[in-house]
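Enquirer: One structure is given below, represented as structure tokens, and several questions about it will come after.
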Amino acid sequence: MTRPLPELTVLNEFFWTAGADGVLRIQECRDCTALIHPPQPVCRYCRSHNMGIRDVSGKATLSAFTVNHRFGFPDLPPPYVVAQVAIVEDPRVRLTTNIVDCDPDDLKLGQVVEVTFQQLGDGAGTVWLPVFTPGADEQSGPVAEDEIAPQDFARHVSQPLTRQRFEEHSAITGIGASRLGRRLMVPPLSLTIEACEAAVADAGLTFDDIDGLSTYPGLDIAGMGEGGVAALEGALGLRPAWINGGMDTFGPGGSVIAAMMAVATGMARHVLCFRTLWEATFQQLMKEGKASPPGGARTSSWQMPFGAMSAAHTLALNAQRHFERYGTTRETLGWIALNQRANAALKPTAIYRDPMTMDDYLNARMITTPFGLYDCDVPCDGAVAVIVSAVETAEDMPHKPVLFEAVGTQIVERTDWDQSTLTHEPQVLGQAAHLWTRTSLRPKDVDVAELYDGFSFNCLSWLEALGFCGIGEAKDFLDGGKAIARDGVIPLNTHGGQLSHGRTHGMGLIHEAVTQLRGDAGERQVKDAKVAVVSSGGLTPSGAILMRTDG
């Protein structure tokens, strides 16, 4: 797989070709003089359409960096430095880039770096990637700051517009999961159908009772789905009155939130929500030449041309800044990984069940600093399904219903990965603050937390964002992992999470929350669990759901 080059458009061509004469150029608003990146047809600050292009000095401040050890391309072999730099003329503008001609051990946050250009391609499609080198002296530049400080997000969250909450009108009445494993080598739609059949049976329904379908992302993108609603409807011959699918929602939990809204507005009575992954098989098929890599020679990403092709790279940058600002350490993340592994030992379907020590964690191969192998979730094949039903139907169903208390969905910060929150996982702080405006319950009332853990740092961000500890306090709060154990302050990811149970993109967390609230978790059951919080996604718009049971 060759490194994808930037896709040139009318808006961005000036940026990717500026290196032809050695000048870094950034879009500017000619009315308020703000620099805008990525380029847009309108200024996000004053909303003027009077846009232009400014030559800038080419100097920037190093706001974060990670040394990539795992991924790479023939023309960009690891290890290499992926970085974010803040333009000195307007530190709100950050570029994802590479730092070249340096020893990574000599790099320091806040140091000045200077642009140079790498020419890639030839002919009409030639691009010049702006990469940076350490400045000639030790001076520091303007520090990149968050537009909103992490602890201030609650001040920017919308209060409920009505006392009537749509959450009260629906409940989870059925859950189901397919086989889960590494490289099962079965069609993803088969896994989807397995999970959906199990969920429908668990709810005491038949497929003829299902009048809504909801999924995420809705397409098969690099092993991340079976084809969406159309594929399932075509296979089962359903006639849904309402459907939902797509990437622009609050992660996999967004399919559940959408289903809740459909039920509350009378569009459907029983909505089948599902999520399928077959990344492990997809990766094997690519190795065998039986599947094509996603994308092509050109990409619209502002990260991938610099070898930042994984969410791991973006989150590693945020983790480094969290380490720098709050004294967080690799051991801090290690307690989260060890907690998940200990819980997975009690879950027969978990991918990783062998005991793990802190030494095992710290000595595992590095992926991209500060993340090692066990900071990253486990690619697998599997599907999870959930039935969201009108609450008035739940009394006649086999299991006690799991009720919805509140959701948190508000987007407060930018969704561009490298323009977003500096020290926390992007897209968690606003959503977490929003959740608590919609309920009288508080973090102390939560009995179990199933928090998104595509990477260990995801969990840390959600713990702080949701208020289980203060911003920057996770290092001390974890107390060597005691606080998040099943008998701790807030039991966390009780089935092993995605770090050990397997990557089900958040739907597995919902499945486990329901299992806990039903009291059906066996050896890993949290005593008297009545309230659970589940988070979904991050980087992309995410969401949080607070659930409870009356029984």
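If you're wondering about the labels, chains in the structure tokens are A, B, ... by order shown, residues count from 1 in each chain, ligands from 1 in order shown.
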Going by DSSP on the backbone, which bits of region 5-85 of chain A are strand (DSSP E)? Write them as JSON, numbers by chain, please.

Expert: {"A": [5, 6, 25, 26, 27, 28, 29, 35, 36, 51, 52, 53, 54, 55, 59, 60, 61, 62, 63, 64, 65, 66, 67, 68, 80, 81, 82, 83, 84, 85]}

Enquirer: Within 12 Å of Ser158 (chain A), counting only C-alpha atoms, which residues show up once you throw out same-chain ones fewer than 2 positions away? Write them as a PDB file with C-alpha atoms, in the first residue's frame, please.

Expert:
ATOM      1  CA  PHE A 153     -17.394  22.871  28.828  1.00  0.00           C
ATOM      2  CA  ALA A 154     -20.485  22.722  31.027  1.00  0.00           C
ATOM      3  CA  ARG A 155     -20.917  26.482  30.621  1.00  0.00           C
ATOM      4  CA  HIS A 156     -21.452  26.027  26.889  1.00  0.00           C
ATOM      5  CA  PRO A 160     -33.218  20.991  28.269  1.00  0.00           C
ATOM      6  CA  LEU A 161     -35.806  22.830  26.179  1.00  0.00           C
ATOM      7  CA  THR A 162     -38.760  21.024  27.726  1.00  0.00           C
ATOM      8  CA  GLY A 408     -25.559  13.375  26.105  1.00  0.00           C
ATOM      9  CA  THR A 409     -25.018  14.364  22.494  1.00  0.00           C
ATOM     10  CA  GLN A 410     -24.101  18.031  22.190  1.00  0.00           C
ATOM     11  CA  ILE A 411     -21.117  18.946  20.028  1.00  0.00           C
ATOM     12  CA  VAL A 412     -19.292  21.862  21.648  1.00  0.00           C
ATOM     13  CA  GLY A 430     -19.337  18.444  25.573  1.00  0.00           C
ATOM     14  CA  GLN A 431     -21.321  15.242  25.344  1.00  0.00           C
ATOM     15  CA  ALA A 433     -21.551  17.730  30.240  1.00  0.00           C
ATOM     16  CA  HIS A 434     -24.748  17.567  28.186  1.00  0.00           C
ATOM     17  CA  LEU A 435     -25.719  14.232  29.754  1.00  0.00           C
ATOM     18  CA  TRP A 436     -25.890  15.638  33.274  1.00  0.00           C
ATOM     19  CA  THR A 437     -28.226  18.500  32.247  1.00  0.00           C
ATOM     20  CA  ARG A 438     -30.895  15.925  31.381  1.00  0.00           C
TER      21      ARG A 438
END

Enquirer: Applying 12 Å and only C-alpha atoms, which residues near Asp122 (chain A) remain after dropping the ones on its own chain fewer than 3 positions away? List them as a PyMOL selection string.

Expert: chain A and resi 5+17+20+119+125-128

Enquirer: For region 391-406 of chain A, find every residue with an atom within 6 Å (counting only C-alpha atoms), except residues of its own chain fewer than 3 positions away, and show them as a ChimeraX atom specification.

Expert: /A:167,169-173,438,545-549

Enquirer: Once you have the residues from the selection above, write them out as a PDB file, in the first residue's frame, restricted to C-alpha atoms.

Expert:
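See part.pdb below for the written result:
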ATOM      1  CA  GLU A 167     -35.800   9.185  26.917  1.00  0.00           C
ATOM      2  CA  HIS A 169     -40.713   6.629  26.121  1.00  0.00           C
ATOM      3  CA  SER A 170     -38.488   3.658  25.291  1.00  0.00           C
ATOM      4  CA  ALA A 171     -36.517   0.817  26.851  1.00  0.00           C
ATOM      5  CA  ILE A 172     -34.091  -1.895  25.830  1.00  0.00           C
ATOM      6  CA  THR A 173     -36.037  -5.149  25.720  1.00  0.00           C
ATOM      7  CA  ARG A 438     -30.895  15.925  31.381  1.00  0.00           C
ATOM      8  CA  ILE A 545     -26.316   7.130  27.543  1.00  0.00           C
ATOM      9  CA  LEU A 546     -27.432   6.797  31.155  1.00  0.00           C
ATOM     10  CA  MET A 547     -29.595   3.716  31.775  1.00  0.00           C
ATOM     11  CA  ARG A 548     -31.341   2.348  34.826  1.00  0.00           C
ATOM     12  CA  THR A 549     -33.616  -0.370  36.053  1.00  0.00           C
TER      13      THR A 549
END

Enquirer: I need the residue nearest Val93 (chain A) from this list: A:Thr61, A:Thr2, A:Ser440, A:Gln498. Use only C-alpha atoms for the distance.

Expert: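 That would be A:Thr61, the residue with the smallest distance to Val93 (chain A).
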
Enquirer: If we count only C-alpha atoms and set the cut-off at 9 Å, which residues sit around Leu509 (chain A), ignoring sequence neighbours fewer than 2 positions away in its own chain? Please answer as a PDB file with N, CA and C atoms, in the first residue's frame.

Expert:
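Once written, result.pdb looks like this:
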ATOM      1  N   ALA A 449     -19.864   1.533  34.838  1.00  0.00           N
ATOM      2  CA  ALA A 449     -19.558   2.363  33.665  1.00  0.00           C
ATOM      3  C   ALA A 449     -18.962   1.484  32.568  1.00  0.00           C
ATOM      4  N   GLU A 450     -19.562   1.529  31.404  1.00  0.00           N
ATOM      5  CA  GLU A 450     -19.044   0.825  30.229  1.00  0.00           C
ATOM      6  C   GLU A 450     -18.617   1.918  29.243  1.00  0.00           C
ATOM      7  N   LEU A 451     -17.342   2.263  29.282  1.00  0.00           N
ATOM      8  CA  LEU A 451     -16.845   3.444  28.584  1.00  0.00           C
ATOM      9  C   LEU A 451     -15.981   3.068  27.391  1.00  0.00           C
ATOM     10  N   TYR A 452     -16.177   3.775  26.315  1.00  0.00           N
ATOM     11  CA  TYR A 452     -15.520   3.450  25.053  1.00  0.00           C
ATOM     12  C   TYR A 452     -14.011   3.362  25.246  1.00  0.00           C
ATOM     13  N   ASN A 493     -15.960  -1.275  32.544  1.00  0.00           N
ATOM     14  CA  ASN A 493     -15.842  -2.227  31.433  1.00  0.00           C
ATOM     15  C   ASN A 493     -15.737  -3.658  31.950  1.00  0.00           C
ATOM     16  N   THR A 494     -16.834  -4.085  32.526  1.00  0.00           N
ATOM     17  CA  THR A 494     -16.880  -5.314  33.320  1.00  0.00           C
ATOM     18  C   THR A 494     -16.764  -6.584  32.496  1.00  0.00           C
ATOM     19  N   HIS A 495     -16.854  -6.519  31.190  1.00  0.00           N
ATOM     20  CA  HIS A 495     -16.671  -7.721  30.354  1.00  0.00           C
ATOM     21  C   HIS A 495     -15.299  -7.759  29.687  1.00  0.00           C
ATOM     22  N   GLY A 497     -14.106  -4.905  28.038  1.00  0.00           N
ATOM     23  CA  GLY A 497     -14.037  -3.788  27.102  1.00  0.00           C
ATOM     24  C   GLY A 497     -13.489  -4.208  25.757  1.00  0.00           C
ATOM     25  N   GLN A 498     -13.173  -3.219  24.958  1.00  0.00           N
ATOM     26  CA  GLN A 498     -12.645  -3.504  23.630  1.00  0.00           C
ATOM     27  C   GLN A 498     -11.154  -3.831  23.681  1.00  0.00           C
ATOM     28  N   THR A 504     -15.907  -4.065  19.263  1.00  0.00           N
ATOM     29  CA  THR A 504     -17.280  -4.055  18.742  1.00  0.00           C
ATOM     30  C   THR A 504     -17.813  -2.635  18.661  1.00  0.00           C
ATOM     31  N   HIS A 505     -16.924  -1.680  18.685  1.00  0.00           N
ATOM     32  CA  HIS A 505     -17.249  -0.272  18.450  1.00  0.00           C
ATOM     33  C   HIS A 505     -18.381   0.249  19.317  1.00  0.00           C
ATOM     34  N   GLY A 506     -18.378  -0.150  20.565  1.00  0.00           N
ATOM     35  CA  GLY A 506     -19.309   0.447  21.512  1.00  0.00           C
ATOM     36  C   GLY A 506     -20.593  -0.317  21.733  1.00  0.00           C
ATOM     37  N   MET A 507     -21.054  -1.083  20.742  1.00  0.00           N
ATOM     38  CA  MET A 507     -22.302  -1.821  20.942  1.00  0.00           C
ATOM     39  C   MET A 507     -22.115  -2.945  21.955  1.00  0.00           C
ATOM     40  N   HIS A 511     -24.407  -3.848  25.291  1.00  0.00           N
ATOM     41  CA  HIS A 511     -24.815  -5.220  25.606  1.00  0.00           C
ATOM     42  C   HIS A 511     -24.440  -5.562  27.047  1.00  0.00           C
ATOM     43  N   GLU A 512     -23.209  -5.223  27.455  1.00  0.00           N
ATOM     44  CA  GLU A 512     -22.750  -5.540  28.804  1.00  0.00           C
ATOM     45  C   GLU A 512     -23.497  -4.721  29.857  1.00  0.00           C
ATOM     46  N   ALA A 513     -23.794  -3.451  29.568  1.00  0.00           N
ATOM     47  CA  ALA A 513     -24.541  -2.633  30.524  1.00  0.00           C
ATOM     48  C   ALA A 513     -25.909  -3.236  30.788  1.00  0.00           C
ATOM     49  N   VAL A 514     -26.582  -3.676  29.747  1.00  0.00           N
ATOM     50  CA  VAL A 514     -27.898  -4.297  29.909  1.00  0.00           C
ATOM     51  C   VAL A 514     -27.767  -5.584  30.723  1.00  0.00           C
ATOM     52  N   VAL A 534     -23.033   4.417  29.619  1.00  0.00           N
ATOM     53  CA  VAL A 534     -22.323   3.865  28.469  1.00  0.00           C
ATOM     54  C   VAL A 534     -21.901   5.024  27.585  1.00  0.00           C
ATOM     55  N   SER A 535     -20.664   5.007  27.142  1.00  0.00           N
ATOM     56  CA  SER A 535     -20.233   6.015  26.171  1.00  0.00           C
ATOM     57  C   SER A 535     -19.878   5.332  24.867  1.00  0.00           C
ATOM     58  N   SER A 536     -19.950   6.102  23.811  1.00  0.00           N
ATOM     59  CA  SER A 536     -19.768   5.544  22.477  1.00  0.00           C
ATOM     60  C   SER A 536     -19.000   6.519  21.619  1.00  0.00           C
TER      61      SER A 536
END

Enquirer: Identify, on the basis of only C-alpha atoms, every residue whose closest approach to Met356 (chain A) does not exceed 12 Å; exclude the query and any residue fewer than 4 positions from it along the same chain; express the result as a PyMOL selection string.

Expert: chain A and resi 334-345+352+360-364+374+500

Enquirer: Please produce an output containing C-alpha atoms for each residue in the selection, written as a PDB file, in the first residue's frame.

Expert:
ATOM      1  CA  GLY A 334      -1.721   0.465  32.267  1.00  0.00           C
ATOM      2  CA  TRP A 335      -4.129   0.237  35.208  1.00  0.00           C
ATOM      3  CA  ILE A 336      -7.003   0.649  32.754  1.00  0.00           C
ATOM      4  CA  ALA A 337      -5.647  -2.083  30.454  1.00  0.00           C
ATOM      5  CA  LEU A 338      -5.052  -4.430  33.394  1.00  0.00           C
ATOM      6  CA  ASN A 339      -8.576  -3.831  34.716  1.00  0.00           C
ATOM      7  CA  GLN A 340     -10.076  -4.766  31.362  1.00  0.00           C
ATOM      8  CA  ARG A 341      -7.962  -7.924  31.179  1.00  0.00           C
ATOM      9  CA  ALA A 342      -8.956  -9.039  34.680  1.00  0.00           C
ATOM     10  CA  ASN A 343     -12.629  -8.641  33.798  1.00  0.00           C
ATOM     11  CA  ALA A 344     -12.214 -10.428  30.464  1.00  0.00           C
ATOM     12  CA  ALA A 345     -10.920 -13.494  32.322  1.00  0.00           C
ATOM     13  CA  TYR A 352      -7.751 -11.931  25.413  1.00  0.00           C
ATOM     14  CA  ASP A 360       3.652  -7.349  30.521  1.00  0.00           C
ATOM     15  CA  TYR A 361       1.899  -4.125  29.672  1.00  0.00           C
ATOM     16  CA  LEU A 362       4.974  -1.900  29.806  1.00  0.00           C
ATOM     17  CA  ASN A 363       7.207  -4.333  27.891  1.00  0.00           C
ATOM     18  CA  ALA A 364       4.788  -4.961  25.021  1.00  0.00           C
ATOM     19  CA  TYR A 374      -2.197  -3.344  25.053  1.00  0.00           C
ATOM     20  CA  SER A 500      -9.546  -7.420  25.884  1.00  0.00           C
TER      21      SER A 500
END

Enquirer: Assign secondary structure with DSSP using the backbone only, and return the residues of region 430-547 of chain A in alpha helix (DSSP H) as a PyMOL selection string.

Expert: chain A and resi 430-437+456-465+474-477+507-518

Enquirer: Any chance you could export the current selection's C-alpha atoms as a PDB file, in the first residue's frame?

Expert:
ATOM      1  CA  GLY A 430     -19.337  18.444  25.573  1.00  0.00           C
ATOM      2  CA  GLN A 431     -21.321  15.242  25.344  1.00  0.00           C
ATOM      3  CA  ALA A 432     -20.546  14.297  28.945  1.00  0.00           C
ATOM      4  CA  ALA A 433     -21.551  17.730  30.240  1.00  0.00           C
ATOM      5  CA  HIS A 434     -24.748  17.567  28.186  1.00  0.00           C
ATOM      6  CA  LEU A 435     -25.719  14.232  29.754  1.00  0.00           C
ATOM      7  CA  TRP A 436     -25.890  15.638  33.274  1.00  0.00           C
ATOM      8  CA  THR A 437     -28.226  18.500  32.247  1.00  0.00           C
ATOM      9  CA  SER A 456      -6.820   3.061  26.916  1.00  0.00           C
ATOM     10  CA  PHE A 457      -6.716   6.855  26.753  1.00  0.00           C
ATOM     11  CA  ASN A 458     -10.362   6.881  25.618  1.00  0.00           C
ATOM     12  CA  CYS A 459     -11.371   5.499  29.004  1.00  0.00           C
ATOM     13  CA  LEU A 460      -9.277   8.036  30.894  1.00  0.00           C
ATOM     14  CA  SER A 461     -10.900  10.889  28.972  1.00  0.00           C
ATOM     15  CA  TRP A 462     -14.414   9.601  29.588  1.00  0.00           C
ATOM     16  CA  LEU A 463     -13.768   9.040  33.303  1.00  0.00           C
ATOM     17  CA  GLU A 464     -12.670  12.661  33.692  1.00  0.00           C
ATOM     18  CA  ALA A 465     -15.274  14.107  31.325  1.00  0.00           C
ATOM     19  CA  ALA A 474      -7.214  10.266  36.741  1.00  0.00           C
ATOM     20  CA  LYS A 475      -3.654   9.361  37.762  1.00  0.00           C
ATOM     21  CA  ASP A 476      -4.487   9.633  41.457  1.00  0.00           C
ATOM     22  CA  PHE A 477      -8.127   8.589  41.171  1.00  0.00           C
ATOM     23  CA  MET A 507     -22.302  -1.821  20.942  1.00  0.00           C
ATOM     24  CA  GLY A 508     -20.651  -4.502  23.048  1.00  0.00           C
ATOM     25  CA  LEU A 509     -20.536  -1.974  25.884  1.00  0.00           C
ATOM     26  CA  ILE A 510     -24.302  -1.452  25.614  1.00  0.00           C
ATOM     27  CA  HIS A 511     -24.815  -5.220  25.606  1.00  0.00           C
ATOM     28  CA  GLU A 512     -22.750  -5.540  28.804  1.00  0.00           C
ATOM     29  CA  ALA A 513     -24.541  -2.633  30.524  1.00  0.00           C
ATOM     30  CA  VAL A 514     -27.898  -4.297  29.909  1.00  0.00           C
ATOM     31  CA  THR A 515     -26.529  -7.625  31.162  1.00  0.00           C
ATOM     32  CA  GLN A 516     -25.311  -5.950  34.369  1.00  0.00           C
ATOM     33  CA  LEU A 517     -28.586  -4.098  34.970  1.00  0.00           C
ATOM     34  CA  ARG A 518     -30.510  -7.336  34.475  1.00  0.00           C
TER      35      ARG A 518
END

Enquirer: Could you build a table of the residues in region 359-472 of chain A lying no more than 12 Å from region 523-527 of chain A, giving for each the nearest pair of atoms and their separation in Å rounded to one decimal place, using only C-alpha atoms, ordered by chain and ascending residue number, as a Markdown table?

Expert:
| residue | atom | partner | partner_atom | distance |
| --- | --- | --- | --- | --- |
| A:Val446 | CA | A:Val526 | CA | 11.5 |
| A:Asp447 | CA | A:Val526 | CA | 7.7 |
| A:Val448 | CA | A:Val526 | CA | 7.3 |
| A:Ala449 | CA | A:Val526 | CA | 10.6 |

Enquirer: Can you check which parts of region 76-96 of chain A lie within 9 Å of region 130-152 of chain A? Per residue, the shortest pair of atoms and distance in Å to one decimal, counting only C-alpha atoms, sorted by chain and number, as JSON lines.

Expert:
{"residue": "A:Val85", "atom": "CA", "partner": "A:Ala144", "partner_atom": "CA", "distance": 8.6}
{"residue": "A:Ala86", "atom": "CA", "partner": "A:Ala144", "partner_atom": "CA", "distance": 6.1}
{"residue": "A:Ile87", "atom": "CA", "partner": "A:Pro142", "partner_atom": "CA", "distance": 8.5}
{"residue": "A:Val88", "atom": "CA", "partner": "A:Pro142", "partner_atom": "CA", "distance": 6.1}
{"residue": "A:Glu89", "atom": "CA", "partner": "A:Pro142", "partner_atom": "CA", "distance": 8.7}
{"residue": "A:Asp90", "atom": "CA", "partner": "A:Pro142", "partner_atom": "CA", "distance": 8.6}
{"residue": "A:Pro91", "atom": "CA", "partner": "A:Ala144", "partner_atom": "CA", "distance": 5.2}
{"residue": "A:Arg92", "atom": "CA", "partner": "A:Ala144", "partner_atom": "CA", "distance": 6.5}
{"residue": "A:Val93", "atom": "CA", "partner": "A:Ala144", "partner_atom": "CA", "distance": 8.6}
{"residue": "A:Arg94", "atom": "CA", "partner": "A:Ala144", "partner_atom": "CA", "distance": 8.3}
{"residue": "A:Leu95", "atom": "CA", "partner": "A:Pro130", "partner_atom": "CA", "distance": 9.0}
{"residue": "A:Thr96", "atom": "CA", "partner": "A:Val131", "partner_atom": "CA", "distance": 8.9}

Enquirer: Print the selection's residues with C-alpha atoms to a file, as a short mmCIF file (atom, residue, chain, number, x, y, z; two decimals), in the first residue's frame.

Expert:
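As written to disk, part30.cif reads:
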data_model
loop_
_atom_site.label_atom_id
_atom_site.label_comp_id
_atom_site.auth_asym_id
_atom_site.auth_seq_id
_atom_site.Cartn_x
_atom_site.Cartn_y
_atom_site.Cartn_z
CA VAL A 85 2.18 22.26 15.13
CA ALA A 86 0.47 25.58 15.83
CA ILE A 87 1.10 28.38 13.33
CA VAL A 88 2.75 31.33 15.10
CA GLU A 89 0.59 33.92 13.31
CA ASP A 90 -2.56 32.27 14.69
CA PRO A 91 -2.03 29.33 17.10
CA ARG A 92 -5.67 28.30 16.67
CA VAL A 93 -4.51 26.79 13.37
CA ARG A 94 -2.80 23.45 13.83
CA LEU A 95 -1.27 21.31 11.12
CA THR A 96 -0.74 17.58 11.28
#

Enquirer: Would you please work out which residue, of A:Glu197, A:Glu413, A:Pro187, A:Asp487, is nearest to Thr281 (chain A) when using only C-alpha atoms?

Expert: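 For Thr281 (chain A), the nearest of the candidates is A:Pro187.
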
Enquirer: Identify which of the residues A:Thr9, A:Gln303, A:Thr357, A:Thr329 lies closest to Asn98 (chain A), counting only C-alpha atoms when measuring atom-to-atom distances.

Expert: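 Among the listed residues, the smallest separation from Asn98 (chain A) belongs to A:Gln303.
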
Enquirer: I'd like the interatomic distance between CA of Cys196 (chain A) and CA of Leu492 (chain A), to a tenth of an Å.

Expert: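 These two atoms are separated by 26.3 Å.
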
Enquirer: Would you mind reading off the distance between CA of Val81 (chain A) and CA of Phe371 (chain A), one decimal, in Å?

Expert: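 Between CA of Val81 (chain A) and CA of Phe371 (chain A) the gap works out to 13.8 Å.
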